[in-house]
Every structure is written in structure tokens, then in C-alpha cells.
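Asks: I'd like to ask some things about the structure below.
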Amino acid sequence: MVEPTLDDMAALGEAAAPYLIEKLNTRDARERVTLRKILEKIGKPAVPYLNEALLADDSLTVARAALVLTYIPDESSVENLIRVA
């Protein structure tokens, strides 16, 4: 019953991305994996928000955004990834 809910959230697309990215600093492993899966399903529309998250002050958010970006191939992330590396 979980997968249809993930699909429903992903169907919201770009509109859901900012809210999901706010939650990337969660300490809960299940939430982290769920967020990754949803953002991965949203795909390229989420990339600009993830690129912005790479520049956050919170190191946990930066690390999680970088992790999610490994599942969404997009060259626009390279410059920000290099900057935070």
C-alpha cells in the first residue's frame, strides 16, 4: 500500500519538490529513503530545488540533496556538486 502513495506524491511533480526538500534533514531513515524515492520519481523538475539545497547552511540537507541527485542524472548539478565537494 506504500508504493501507490509514493506515486501519488510524485504525481504532484514540481509543486511537491520544495516541501519535500525542506524535509531532507530528517534523522529518520525511513523518511529519508521515502523522500529520495519520491524525488527520484519526480525527476528533472526537482533538480533546480535540489541544486538550491546544495547551497544550504545545513550539512545534512546538503549531503541528502547530493545523494538524491545521484539518482537523477542531470548535468546542471555538476557545478554545485563541485562547489560543495
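Going through the C-alpha cells in order, the chains are called A, B, and so on, while each chain numbers its residues from 1 and the ligands are numbered from 1 in the order shown.
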Hey, what's within 6 Å of stretch 47-50 of chain A if we count only C-alpha atoms and toss same-chain stuff fewer than 3 positions away? As an MDAnalysis selection string, please?
Replies: chainID A and resid 44 53 65
Asks: Please list as JSON, numbers by chain every residue within 9 Å of A:Thr61, counting only C-alpha atoms and excluding residues in the same chain fewer than 2 positions away.
Replies: {"A": [21, 22, 23, 24, 25, 26, 53, 54, 56, 57, 58, 59, 63, 64, 65, 66]}
Asks: Any idea what the distance is between atom CA of A:Met9 and atom CA of A:Val84?
Replies: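 Taking atom CA of A:Met9 as the start and atom CA of A:Val84 as the end point, the length is 28.7 Å.
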Asks: As a VMD selection string, please: every residue in chain A that DSSP puts in alpha helix (DSSP H).
Replies: chain A and resid 2 to 11 17 to 22 29 to 42 47 to 53 59 to 69 78 to 84
Asks: Mind pulling up the distance from atom CA of A:Leu60 to atom CA of A:Tyr19?
Replies: 16.1 Å
Asks: Between A:Leu20, A:Ala11, A:Leu35, A:Leu6, which has the minimum distance to A:Leu67 (counting only C-alpha atoms)?
Replies: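 Using only C-alpha atoms, A:Leu67 sits closest to A:Leu35.
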Asks: Pick out the closest residue to A:Leu12 from this set: A:Leu55, A:Val78, A:Ala46, A:Val33. Count only C-alpha atoms.
Replies: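 Answer, going by the shortest atom-to-atom distance: A:Ala46.
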